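> Below is start.cif; it holds mmCIF, C-alpha atoms.
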```cif
data_entry
#
loop_
_atom_site.group_PDB
_atom_site.id
_atom_site.type_symbol
_atom_site.label_atom_id
_atom_site.label_comp_id
_atom_site.auth_asym_id
_atom_site.auth_seq_id
_atom_site.Cartn_x
_atom_site.Cartn_y
_atom_site.Cartn_z
ATOM 1 C CA MET A 20 0.000 0.000 0.000
ATOM 2 C CA LEU A 21 2.814 2.414 0.902
ATOM 3 C CA LEU A 22 4.562 1.623 -2.367
ATOM 4 C CA ARG A 23 1.369 2.351 -4.299
ATOM 5 C CA GLN A 24 0.896 5.672 -2.495
ATOM 6 C CA ARG A 25 4.461 6.690 -3.307
ATOM 7 C CA PHE A 26 3.959 5.737 -6.942
ATOM 8 C CA VAL A 27 0.727 7.749 -7.171
ATOM 9 C CA SER A 28 2.457 10.707 -5.526
ATOM 10 C CA PHE A 29 5.285 10.441 -8.024
ATOM 11 C CA LEU A 30 2.815 10.444 -10.922
ATOM 12 C CA LEU A 31 0.991 13.480 -9.545
ATOM 13 C CA LEU A 32 4.248 15.371 -9.156
ATOM 14 C CA TRP A 33 5.350 14.337 -12.666
ATOM 15 C CA PHE A 34 2.086 15.512 -14.255
ATOM 16 C CA ALA A 35 2.252 18.718 -12.241
ATOM 17 C CA GLY A 36 5.752 19.281 -13.576
ATOM 18 C CA LEU A 37 4.557 18.733 -17.141
ATOM 19 C CA SER A 38 1.687 21.168 -16.643
ATOM 20 C CA ALA A 39 4.020 23.822 -15.285
ATOM 21 C CA GLN A 40 6.422 23.254 -18.167
ATOM 22 C CA ALA A 41 3.598 23.649 -20.692
ATOM 23 C CA ALA A 42 2.268 26.763 -18.967
ATOM 24 C CA ASP A 43 5.682 28.419 -19.187
ATOM 25 C CA TYR A 44 6.397 27.244 -22.738
ATOM 26 C CA PRO A 45 8.249 28.603 -24.609
ATOM 27 C CA VAL A 46 11.009 30.136 -22.499
ATOM 28 C CA LYS A 47 13.823 29.992 -25.077
ATOM 29 C CA GLN A 48 14.334 30.001 -28.832
ATOM 30 C CA ILE A 49 12.894 27.218 -30.975
ATOM 31 C CA ARG A 50 14.739 25.445 -33.798
ATOM 32 C CA LEU A 51 12.703 24.618 -36.895
ATOM 33 C CA VAL A 52 14.568 21.971 -38.895
ATOM 34 C CA VAL A 53 14.000 22.005 -42.665
ATOM 35 C CA PRO A 54 15.488 18.968 -44.492
ATOM 36 C CA PHE A 55 15.833 20.973 -47.723
ATOM 37 C CA ALA A 56 18.359 23.467 -49.032
ATOM 38 C CA ALA A 57 17.930 27.160 -48.327
ATOM 39 C CA GLY A 58 16.199 29.185 -51.021
ATOM 40 C CA GLY A 59 13.688 26.631 -52.261
ATOM 41 C CA ASN A 60 9.953 27.061 -51.861
ATOM 42 C CA THR A 61 9.746 24.705 -48.871
ATOM 43 C CA ASP A 62 12.514 26.649 -47.137
ATOM 44 C CA ILE A 63 10.823 29.976 -47.902
ATOM 45 C CA ALA A 64 7.513 28.665 -46.566
ATOM 46 C CA ALA A 65 9.233 27.452 -43.384
ATOM 47 C CA ARG A 66 10.870 30.834 -42.866
ATOM 48 C CA LEU A 67 7.551 32.603 -43.311
ATOM 49 C CA LEU A 68 6.012 30.304 -40.707
ATOM 50 C CA ALA A 69 8.996 30.806 -38.366
ATOM 51 C CA GLN A 70 8.642 34.567 -38.625
ATOM 52 C CA GLY A 71 4.960 34.349 -37.740
ATOM 53 C CA LEU A 72 5.583 31.990 -34.822
ATOM 54 C CA THR A 73 8.291 34.282 -33.471
ATOM 55 C CA ALA A 74 5.737 37.075 -33.224
ATOM 56 C CA ASP A 75 2.963 34.836 -31.876
ATOM 57 C CA LEU A 76 4.975 32.917 -29.267
ATOM 58 C CA LYS A 77 7.192 35.869 -28.258
ATOM 59 C CA GLN A 78 10.280 33.697 -28.683
ATOM 60 C CA THR A 79 12.669 33.409 -31.623
ATOM 61 C CA VAL A 80 11.888 30.563 -33.999
ATOM 62 C CA TYR A 81 14.770 30.038 -36.423
ATOM 63 C CA VAL A 82 15.212 27.758 -39.437
ATOM 64 C CA ASP A 83 18.010 25.196 -39.484
ATOM 65 C CA ASN A 84 18.565 23.568 -42.900
ATOM 66 C CA LYS A 85 19.706 19.951 -42.543
ATOM 67 C CA VAL A 86 20.051 18.560 -46.060
ATOM 68 C CA GLY A 87 20.794 15.081 -47.361
ATOM 69 C CA ALA A 88 19.591 11.552 -48.179
ATOM 70 C CA GLY A 89 16.177 12.547 -49.475
ATOM 71 C CA THR A 90 15.289 14.484 -46.268
ATOM 72 C CA ALA A 91 16.510 11.630 -44.027
ATOM 73 C CA VAL A 92 19.401 13.626 -42.494
ATOM 74 C CA GLY A 93 17.220 16.418 -41.138
ATOM 75 C CA THR A 94 14.442 14.057 -40.152
ATOM 76 C CA GLU A 95 16.802 11.860 -38.132
ATOM 77 C CA ASP A 96 18.260 14.952 -36.455
ATOM 78 C CA VAL A 97 14.831 15.836 -35.067
ATOM 79 C CA ALA A 98 14.061 12.234 -34.108
ATOM 80 C CA ARG A 99 17.177 12.234 -31.913
ATOM 81 C CA SER A 100 16.489 15.669 -30.361
ATOM 82 C CA PRO A 101 15.055 16.237 -26.870
ATOM 83 C CA ALA A 102 11.271 15.936 -26.686
ATOM 84 C CA ASP A 103 10.837 19.356 -25.085
ATOM 85 C CA GLY A 104 9.116 21.382 -27.792
ATOM 86 C CA TYR A 105 12.236 23.323 -28.772
ATOM 87 C CA THR A 106 13.015 21.326 -31.913
ATOM 88 C CA LEU A 107 10.413 21.138 -34.679
ATOM 89 C CA LEU A 108 10.473 19.502 -38.105
ATOM 90 C CA PHE A 109 8.938 21.075 -41.209
ATOM 91 C CA THR A 110 8.754 18.233 -43.691
ATOM 92 C CA THR A 111 6.894 17.135 -46.789
ATOM 93 C CA VAL A 112 5.760 14.054 -48.672
ATOM 94 C CA GLY A 113 9.174 12.427 -48.195
ATOM 95 C CA LEU A 114 8.075 11.535 -44.666
ATOM 96 C CA ALA A 115 5.439 9.213 -46.130
ATOM 97 C CA VAL A 116 7.532 8.043 -49.077
ATOM 98 C CA ASN A 117 10.929 7.272 -47.539
ATOM 99 C CA PRO A 118 9.891 4.291 -45.381
ATOM 100 C CA SER A 119 8.998 2.438 -48.587
ATOM 101 C CA LEU A 120 12.037 3.638 -50.563
ATOM 102 C CA TYR A 121 14.925 3.229 -48.144
ATOM 103 C CA LYS A 122 15.735 -0.045 -46.416
ATOM 104 C CA ASN A 123 18.029 1.347 -43.737
ATOM 105 C CA LEU A 124 16.381 4.503 -42.388
ATOM 106 C CA ARG A 125 17.713 5.313 -38.936
ATOM 107 C CA TYR A 126 14.393 6.594 -37.707
ATOM 108 C CA ASP A 127 10.821 5.346 -37.642
ATOM 109 C CA ALA A 128 8.434 7.937 -39.070
ATOM 110 C CA LYS A 129 5.556 6.628 -36.955
ATOM 111 C CA ARG A 130 7.334 5.801 -33.704
ATOM 112 C CA ASP A 131 9.814 8.675 -33.415
ATOM 113 C CA PHE A 132 7.528 11.658 -34.024
ATOM 114 C CA SER A 133 4.346 13.273 -32.794
ATOM 115 C CA PRO A 134 2.268 15.267 -35.293
ATOM 116 C CA VAL A 135 1.565 18.929 -34.593
ATOM 117 C CA ALA A 136 -0.064 20.539 -37.622
ATOM 118 C CA HIS A 137 -0.758 20.184 -41.333
ATOM 119 C CA VAL A 138 0.220 23.601 -42.681
ATOM 120 C CA VAL A 139 0.257 23.584 -46.503
ATOM 121 C CA SER A 140 -0.787 21.605 -49.546
ATOM 122 C CA SER A 141 0.474 22.032 -53.093
ATOM 123 C CA SER A 142 -0.429 20.399 -56.393
ATOM 124 C CA PRO A 143 2.019 20.055 -59.297
ATOM 125 C CA VAL A 144 1.625 21.430 -62.802
ATOM 126 C CA ILE A 145 2.309 19.328 -65.910
ATOM 127 C CA LEU A 146 4.805 21.222 -68.061
ATOM 128 C CA MET A 147 5.716 20.637 -71.699
ATOM 129 C CA HIS A 148 8.472 21.965 -73.938
ATOM 130 C CA PRO A 149 6.817 24.232 -76.555
ATOM 131 C CA SER A 150 8.512 22.411 -79.446
ATOM 132 C CA ILE A 151 5.984 19.606 -79.036
ATOM 133 C CA PRO A 152 3.022 20.268 -81.351
ATOM 134 C CA ALA A 153 0.280 19.990 -78.752
ATOM 135 C CA ALA A 154 -2.155 22.681 -77.651
ATOM 136 C CA ASN A 155 -3.519 20.814 -74.637
ATOM 137 C CA LEU A 156 -3.085 17.695 -72.533
ATOM 138 C CA SER A 157 -5.219 15.521 -74.786
ATOM 139 C CA GLU A 158 -3.104 16.414 -77.828
ATOM 140 C CA PHE A 159 0.054 15.851 -75.797
ATOM 141 C CA LEU A 160 -1.073 12.320 -74.909
ATOM 142 C CA THR A 161 -1.894 11.560 -78.524
ATOM 143 C CA TYR A 162 1.511 12.829 -79.633
ATOM 144 C CA ALA A 163 3.375 10.972 -76.877
ATOM 145 C CA LYS A 164 1.710 7.664 -77.694
ATOM 146 C CA ALA A 165 2.411 8.069 -81.407
ATOM 147 C CA LYS A 166 6.047 9.195 -81.144
ATOM 148 C CA GLY A 167 7.275 6.676 -78.607
ATOM 149 C CA PRO A 168 8.724 7.285 -75.134
ATOM 150 C CA LEU A 169 9.130 10.926 -74.177
ATOM 151 C CA SER A 170 11.529 11.813 -71.368
ATOM 152 C CA TYR A 171 10.849 13.687 -68.171
ATOM 153 C CA GLY A 172 13.141 14.967 -65.449
ATOM 154 C CA SER A 173 12.705 14.933 -61.703
ATOM 155 C CA ALA A 174 14.540 15.968 -58.566
ATOM 156 C CA GLY A 175 15.686 12.366 -58.105
ATOM 157 C CA VAL A 176 14.458 8.823 -57.653
ATOM 158 C CA GLY A 177 11.601 8.804 -55.172
ATOM 159 C CA SER A 178 11.107 12.564 -55.271
ATOM 160 C CA ALA A 179 7.554 13.876 -55.376
ATOM 161 C CA MET A 180 8.023 14.903 -59.019
ATOM 162 C CA HIS A 181 9.187 11.399 -59.935
ATOM 163 C CA LEU A 182 6.261 9.720 -58.205
ATOM 164 C CA HIS A 183 3.699 12.145 -59.635
ATOM 165 C CA ALA A 184 5.000 11.437 -63.136
ATOM 166 C CA GLU A 185 4.823 7.696 -62.523
ATOM 167 C CA GLN A 186 1.240 8.091 -61.327
ATOM 168 C CA PHE A 187 0.582 9.906 -64.604
ATOM 169 C CA ARG A 188 2.194 7.106 -66.591
ATOM 170 C CA ILE A 189 -0.048 4.534 -64.928
ATOM 171 C CA GLU A 190 -3.198 6.640 -65.362
ATOM 172 C CA THR A 191 -2.571 7.322 -69.063
ATOM 173 C CA GLY A 192 -0.735 4.209 -70.246
ATOM 174 C CA LEU A 193 2.215 6.206 -71.584
ATOM 175 C CA THR A 194 5.680 4.763 -72.094
ATOM 176 C CA VAL A 195 8.169 7.297 -70.722
ATOM 177 C CA THR A 196 11.838 7.674 -69.796
ATOM 178 C CA HIS A 197 12.781 9.039 -66.388
ATOM 179 C CA ILE A 198 15.904 11.202 -66.035
ATOM 180 C CA PRO A 199 16.758 11.995 -62.383
ATOM 181 C CA TYR A 200 18.535 15.244 -61.474
ATOM 182 C CA ARG A 201 19.960 16.706 -58.288
ATOM 183 C CA GLY A 202 17.025 19.000 -57.627
ATOM 184 C CA GLU A 203 14.165 20.631 -59.492
ATOM 185 C CA GLY A 204 16.291 23.548 -60.759
ATOM 186 C CA PRO A 205 18.543 21.457 -63.047
ATOM 187 C CA ALA A 206 15.535 19.462 -64.239
ATOM 188 C CA LEU A 207 13.741 22.659 -65.255
ATOM 189 C CA VAL A 208 16.863 23.980 -67.006
ATOM 190 C CA ASP A 209 17.042 20.887 -69.203
ATOM 191 C CA LEU A 210 13.323 21.031 -69.925
ATOM 192 C CA VAL A 211 13.622 24.655 -71.059
ATOM 193 C CA ALA A 212 16.597 23.641 -73.224
ATOM 194 C CA GLY A 213 14.545 20.876 -74.827
ATOM 195 C CA ARG A 214 16.688 18.020 -73.521
ATOM 196 C CA THR A 215 13.574 16.558 -71.878
ATOM 197 C CA GLN A 216 10.009 16.881 -73.111
ATOM 198 C CA PHE A 217 7.768 17.173 -70.057
ATOM 199 C CA HIS A 218 7.929 17.620 -66.313
ATOM 200 C CA PHE A 219 5.854 17.649 -63.146
ATOM 201 C CA GLY A 220 6.889 20.833 -61.362
ATOM 202 C CA SER A 221 5.902 23.196 -58.608
ATOM 203 C CA ILE A 222 3.737 26.057 -59.810
ATOM 204 C CA ALA A 223 5.861 28.717 -58.132
ATOM 205 C CA SER A 224 9.132 27.412 -59.619
ATOM 206 C CA ALA A 225 7.651 27.110 -63.101
ATOM 207 C CA SER A 226 5.645 30.361 -63.235
ATOM 208 C CA GLN A 227 8.437 32.483 -64.717
ATOM 209 C CA PHE A 228 8.988 29.983 -67.535
ATOM 210 C CA ILE A 229 5.255 29.729 -68.223
ATOM 211 C CA ASP A 230 4.865 33.516 -68.296
ATOM 212 C CA SER A 231 7.789 33.918 -70.695
ATOM 213 C CA GLY A 232 6.551 31.196 -73.030
ATOM 214 C CA ALA A 233 9.631 29.043 -72.427
ATOM 215 C CA LEU A 234 7.342 26.268 -71.170
ATOM 216 C CA LYS A 235 3.699 25.419 -71.652
ATOM 217 C CA ALA A 236 1.437 24.479 -68.744
ATOM 218 C CA LEU A 237 -0.862 21.628 -69.743
ATOM 219 C CA ALA A 238 -2.746 21.022 -66.500
ATOM 220 C CA VAL A 239 -2.615 21.364 -62.741
ATOM 221 C CA VAL A 240 -3.046 18.070 -60.907
ATOM 222 C CA SER A 241 -5.567 19.219 -58.333
ATOM 223 C CA ALA A 242 -9.287 19.108 -57.626
ATOM 224 C CA LYS A 243 -9.668 22.767 -58.600
ATOM 225 C CA ARG A 244 -7.725 25.300 -60.644
ATOM 226 C CA SER A 245 -4.801 27.153 -59.110
ATOM 227 C CA PRO A 246 -5.297 30.864 -58.365
ATOM 228 C CA LEU A 247 -1.788 31.373 -59.772
ATOM 229 C CA LEU A 248 -2.728 29.707 -63.087
ATOM 230 C CA PRO A 249 -6.468 30.337 -63.424
ATOM 231 C CA LYS A 250 -6.497 29.698 -67.201
ATOM 232 C CA VAL A 251 -4.808 26.304 -66.891
ATOM 233 C CA PRO A 252 -7.300 23.418 -66.544
ATOM 234 C CA THR A 253 -7.075 20.659 -64.002
ATOM 235 C CA ALA A 254 -5.945 17.258 -65.253
ATOM 236 C CA ILE A 255 -9.500 16.023 -64.768
ATOM 237 C CA GLU A 256 -10.854 18.845 -66.930
ATOM 238 C CA ALA A 257 -8.143 18.118 -69.498
ATOM 239 C CA GLY A 258 -9.149 14.488 -69.914
ATOM 240 C CA VAL A 259 -7.486 12.346 -67.220
ATOM 241 C CA PRO A 260 -10.403 11.342 -64.958
ATOM 242 C CA GLY A 261 -9.663 11.070 -61.249
ATOM 243 C CA PHE A 262 -6.043 12.183 -61.530
ATOM 244 C CA VAL A 263 -5.459 14.318 -58.422
ATOM 245 C CA THR A 264 -2.276 14.390 -56.363
ATOM 246 C CA SER A 265 -0.393 16.770 -54.119
ATOM 247 C CA THR A 266 2.620 17.478 -52.022
ATOM 248 C CA TRP A 267 2.228 18.914 -48.564
ATOM 249 C CA GLY A 268 3.942 20.317 -45.497
ATOM 250 C CA VAL A 269 3.520 19.235 -41.875
ATOM 251 C CA ILE A 270 5.063 20.123 -38.537
ATOM 252 C CA LEU A 271 6.275 17.334 -36.228
ATOM 253 C CA VAL A 272 8.081 17.130 -32.896
ATOM 254 C CA PRO A 273 10.040 14.271 -31.309
ATOM 255 C CA ALA A 274 7.859 11.564 -29.782
ATOM 256 C CA GLY A 275 7.306 12.069 -26.079
ATOM 257 C CA THR A 276 6.755 15.815 -26.301
ATOM 258 C CA SER A 277 4.108 16.994 -23.849
ATOM 259 C CA PRO A 278 0.581 16.995 -25.347
ATOM 260 C CA ALA A 279 0.071 20.443 -23.804
ATOM 261 C CA VAL A 280 3.146 21.794 -25.623
ATOM 262 C CA ILE A 281 1.959 20.194 -28.855
ATOM 263 C CA GLN A 282 -1.432 21.855 -28.422
ATOM 264 C CA THR A 283 0.210 25.227 -27.779
ATOM 265 C CA LEU A 284 2.225 24.868 -30.974
ATOM 266 C CA ASN A 285 -0.775 23.713 -32.996
ATOM 267 C CA GLU A 286 -2.877 26.682 -31.948
ATOM 268 C CA ALA A 287 -0.044 29.134 -32.649
ATOM 269 C CA ILE A 288 0.583 27.625 -36.098
ATOM 270 C CA ASN A 289 -3.103 27.802 -37.001
ATOM 271 C CA ARG A 290 -3.232 31.455 -35.944
ATOM 272 C CA VAL A 291 -0.175 32.284 -38.053
ATOM 273 C CA MET A 292 -1.502 30.451 -41.106
ATOM 274 C CA ALA A 293 -4.855 32.243 -40.845
ATOM 275 C CA LEU A 294 -3.375 35.762 -40.976
ATOM 276 C CA PRO A 295 -4.491 37.390 -44.265
ATOM 277 C CA GLU A 296 -0.999 38.613 -45.143
ATOM 278 C CA ASN A 297 0.465 35.144 -44.594
ATOM 279 C CA PHE A 298 -2.355 33.498 -46.514
ATOM 280 C CA ALA A 299 -1.635 35.689 -49.542
ATOM 281 C CA ARG A 300 2.117 35.054 -49.365
ATOM 282 C CA PHE A 301 1.696 31.274 -49.221
ATOM 283 C CA ILE A 302 -0.585 31.433 -52.256
ATOM 284 C CA GLU A 303 2.144 33.352 -54.098
ATOM 285 C CA LEU A 304 4.562 30.528 -53.274
ATOM 286 C CA GLY A 305 2.206 28.006 -54.853
ATOM 287 C CA PHE A 306 0.880 26.572 -51.577
ATOM 288 C CA GLU A 307 -2.641 26.262 -50.245
ATOM 289 C CA PRO A 308 -2.309 27.421 -46.612
ATOM 290 C CA LEU A 309 -4.211 25.426 -43.982
ATOM 291 C CA SER A 310 -5.253 26.816 -40.625
ATOM 292 C CA ASN A 311 -7.650 24.318 -39.067
ATOM 293 C CA SER A 312 -5.670 21.117 -38.539
ATOM 294 C CA THR A 313 -5.329 19.320 -35.220
ATOM 295 C CA PRO A 314 -2.538 16.995 -34.068
ATOM 296 C CA ALA A 315 -4.966 14.084 -34.453
ATOM 297 C CA SER A 316 -6.104 15.012 -37.976
ATOM 298 C CA THR A 317 -2.473 15.572 -38.995
ATOM 299 C CA GLY A 318 -1.512 12.123 -37.754
ATOM 300 C CA GLN A 319 -4.416 10.525 -39.609
ATOM 301 C CA PHE A 320 -3.457 12.379 -42.790
ATOM 302 C CA ILE A 321 0.172 11.186 -42.570
ATOM 303 C CA ASP A 322 -0.950 7.595 -41.972
ATOM 304 C CA THR A 323 -3.212 7.703 -45.042
ATOM 305 C CA GLU A 324 -0.478 9.209 -47.211
ATOM 306 C CA THR A 325 2.094 6.672 -46.003
ATOM 307 C CA GLN A 326 -0.160 3.777 -46.931
ATOM 308 C CA TYR A 327 -0.995 5.297 -50.312
ATOM 309 C CA TRP A 328 2.633 5.841 -51.313
ATOM 310 C CA ALA A 329 3.669 2.445 -49.968
ATOM 311 C CA THR A 330 1.118 0.777 -52.245
ATOM 312 C CA LEU A 331 2.194 2.821 -55.286
ATOM 313 C CA ILE A 332 5.930 2.359 -54.706
ATOM 314 C CA LYS A 333 5.480 -1.396 -54.329
ATOM 315 C CA LYS A 334 3.502 -1.455 -57.577
ATOM 316 C CA LEU A 335 6.202 0.549 -59.365
ATOM 317 C CA GLY A 336 9.079 -1.441 -57.871
ATOM 318 C CA ILE A 337 11.042 1.707 -57.034
ATOM 319 C CA THR A 338 13.931 1.629 -54.545
ATOM 320 C CA ALA A 339 16.526 4.209 -53.541
ATOM 321 C CA GLU A 340 19.824 4.017 -51.703
#
```
Can you dump the structure from the file as C-alpha cells?

Amino acid sequence: MLLRQRFVSFLLLWFAGLSAQAADYPVKQIRLVVPFAAGGNTDIAARLLAQGLTADLKQTVYVDNKVGAGTAVGTEDVARSPADGYTLLFTTVGLAVNPSLYKNLRYDAKRDFSPVAHVVSSSPVILMHPSIPAANLSEFLTYAKAKGPLSYGSAGVGSAMHLHAEQFRIETGLTVTHIPYRGEGPALVDLVAGRTQFHFGSIASASQFIDSGALKALAVVSAKRSPLLPKVPTAIEAGVPGFVTSTWGVILVPAGTSPAVIQTLNEAINRVMALPENFARFIELGFEPLSNSTPASTGQFIDTETQYWATLIKKLGITAE
C-alpha cells in the first residue's frame, strides 16, 4: 500500500511538472529543422512560418537547414532531439515516401515523431516543352503515344516529381523515360533547353517559364484550378479522370513531447496560417495554406499518405539508396 501511495504521488508530481512546463512554454528560442536546401519554396515557406511563430509565441523561432539523403538527415536529427518542444520539423511528402524507398532509415516515421499541424498543400503542374506540337493535354497524350517514349526529369528517384509522373504514366498508359537530377532547378533547365520533353513541377518554380513562353502548362493536378494559373485546366478537366495528387507540409516534434506543448504549438501555427498577409504570401509561393488542422487530424493524414505511397511504390518497384 505504501509503495502504491508513493507511486501515485510520483505520478501526480510528474504531471504537475509537465503542466508547469507547458504553462511556461516557450522560455527559449525554438529550432525549426528544414530537411531541404535554403532558397527553395519549402525553405521559404518554413521561414515565413517561423517569422509568424516568433511574433505569436514571443520567442525566436529560427530555421536550421539539414540537407541530405532525401530528407533523411534532417528528419533523423529531429528524431534524436530532446522531446521538449524546442526542436520542430517542417517536412513534406518524403516523410510518407521514404519508409517504402529506403531499407536502412535510422528513424521510424511513426514511432519517433508526434504530429503537430498540417500547414500547406500544393499540387504540381504538368509542363511541356513548346517544341511539341500539342495545344492541350489531350493532344500531348496523342503525340506521346504516337512518337514513342518521351523523357521527363525529376529531382531524383523517389522525389515527389518522380512519383507524380509515374502516377501519370499509370493513369494514361504512356511509355516514358525518367531522367533523375539533383534537384528541381537542373531538371527545369534541361526542360527549357529541350533536352527533356515534359515535367511535373511546382507552380511557383515554373511560373516564370510559363509567363515567358519558355514552357507550356498543360494542367494542374488538383481538384480545382490554381489561383496562380487560373487559365490552366485541371488534369481532370483536361481528360485524365480522377487524376489528383499533391505534395504537402507538416510540422512534427520528437515523440514524447508533452501533449500540452503540442497543443500550444498547434494553436499558434493555425493562428499564423490564418493571418491574411500570410495566406496571400503562401498562395504566391504556390501553396494552399491550412489553418484548421489538429494533431490528431495531422496524424491521420500522414498515416493515409504513407499507406498510399507504400502501395504505389510497391507497384512501381522503385527503390533508392
> Check the smallest atom-to-atom distance from each of A:Val135, A:Val52, A:Ala212, A:Leu304 to A:Met147 using all atoms listed in the file, then report the winner.
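Among the listed residues, A:Ala212 lies closest to A:Met147.
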> Any idea what's packed within 9 Å of stretch 149-152 of chain A, counting all atoms listed in the file, ignoring anything in its chain fewer than 4 positions away? Could you give it as a ChimeraX atom specification?
/A:158-159,162,211,213,216,232-235
> Determine the residue membership of the PyMOL selection byres ((chain A and resi 98-109) around 6) for the file above and supply it as a VMD selection string.
chain A and resid 49 to 53 95 to 97 110 131 269 to 273 275 to 276
> Run the PyMOL selection byres ((chain A and resi 281-285) around 12) on the file and write out the hits as a ChimeraX atom specification.
/A:38,40-45,49,68-69,71-73,75-76,80,102-107,132-138,269-280,286-292,309-317
> Taking all atoms of stretch 63-71 of chain A that the file lists, what box with edges along x, y and z, padded by 4 Å per side, do you get, with centre and edge lengths in Å to one decimal, as AutoDock Vina command-line options?

```
--center_x 7.9 --center_y 31.0 --center_z -42.8 --size_x 13.9 --size_y 15.1 --size_z 18.2
```
> Which residue out of A:Ile222, A:Leu193, A:Leu294, A:Leu247 has the minimum interatomic distance to A:Val144 when all atoms listed in the file are used?
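So, comparing all the options, the nearest one is A:Ile222.
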> Enumerate, as a PyMOL selection string, the residues matched when the PyMOL selection byres ((chain A and resi 167-181) around 6) is run on the file above.
chain A and resi 164-166+182-184+194-203+206+215-219
> Got a minute to add N, CA and C atoms to stretch 278-290 of chain A and dump it as an mmCIF file, in the frame of the given file?

```
data_model
loop_
_atom_site.group_PDB
_atom_site.id
_atom_site.type_symbol
_atom_site.label_atom_id
_atom_site.label_comp_id
_atom_site.auth_asym_id
_atom_site.auth_seq_id
_atom_site.Cartn_x
_atom_site.Cartn_y
_atom_site.Cartn_z
ATOM 1 N N PRO A 278 1.778 16.652 -24.564
ATOM 2 C CA PRO A 278 0.581 16.995 -25.347
ATOM 3 C C PRO A 278 0.184 18.467 -25.194
ATOM 4 N N ALA A 279 0.412 19.033 -24.008
ATOM 5 C CA ALA A 279 0.071 20.443 -23.804
ATOM 6 C C ALA A 279 0.953 21.350 -24.654
ATOM 7 N N VAL A 280 2.234 21.014 -24.769
ATOM 8 C CA VAL A 280 3.146 21.794 -25.623
ATOM 9 C C VAL A 280 2.739 21.643 -27.082
ATOM 10 N N ILE A 281 2.409 20.429 -27.486
ATOM 11 C CA ILE A 281 1.959 20.194 -28.855
ATOM 12 C C ILE A 281 0.718 21.025 -29.166
ATOM 13 N N GLN A 282 -0.212 21.079 -28.214
ATOM 14 C CA GLN A 282 -1.432 21.855 -28.422
ATOM 15 C C GLN A 282 -1.126 23.348 -28.525
ATOM 16 N N THR A 283 -0.200 23.822 -27.707
ATOM 17 C CA THR A 283 0.210 25.227 -27.779
ATOM 18 C C THR A 283 0.778 25.550 -29.151
ATOM 19 N N LEU A 284 1.632 24.674 -29.648
ATOM 20 C CA LEU A 284 2.225 24.868 -30.974
ATOM 21 C C LEU A 284 1.162 24.815 -32.072
ATOM 22 N N ASN A 285 0.268 23.850 -31.981
ATOM 23 C CA ASN A 285 -0.775 23.713 -32.996
ATOM 24 C C ASN A 285 -1.627 24.983 -33.085
ATOM 25 N N GLU A 286 -2.025 25.492 -31.948
ATOM 26 C CA GLU A 286 -2.877 26.682 -31.948
ATOM 27 C C GLU A 286 -2.125 27.890 -32.494
ATOM 28 N N ALA A 287 -0.843 28.014 -32.139
ATOM 29 C CA ALA A 287 -0.044 29.134 -32.649
ATOM 30 C C ALA A 287 0.127 29.032 -34.163
ATOM 31 N N ILE A 288 0.411 27.828 -34.652
ATOM 32 C CA ILE A 288 0.583 27.625 -36.098
ATOM 33 C C ILE A 288 -0.700 27.958 -36.846
ATOM 34 N N ASN A 289 -1.832 27.504 -36.339
ATOM 35 C CA ASN A 289 -3.103 27.802 -37.001
ATOM 36 C C ASN A 289 -3.379 29.302 -37.025
ATOM 37 N N ARG A 290 -3.037 29.996 -35.955
ATOM 38 C CA ARG A 290 -3.232 31.455 -35.944
ATOM 39 C C ARG A 290 -2.359 32.125 -37.006
#
```
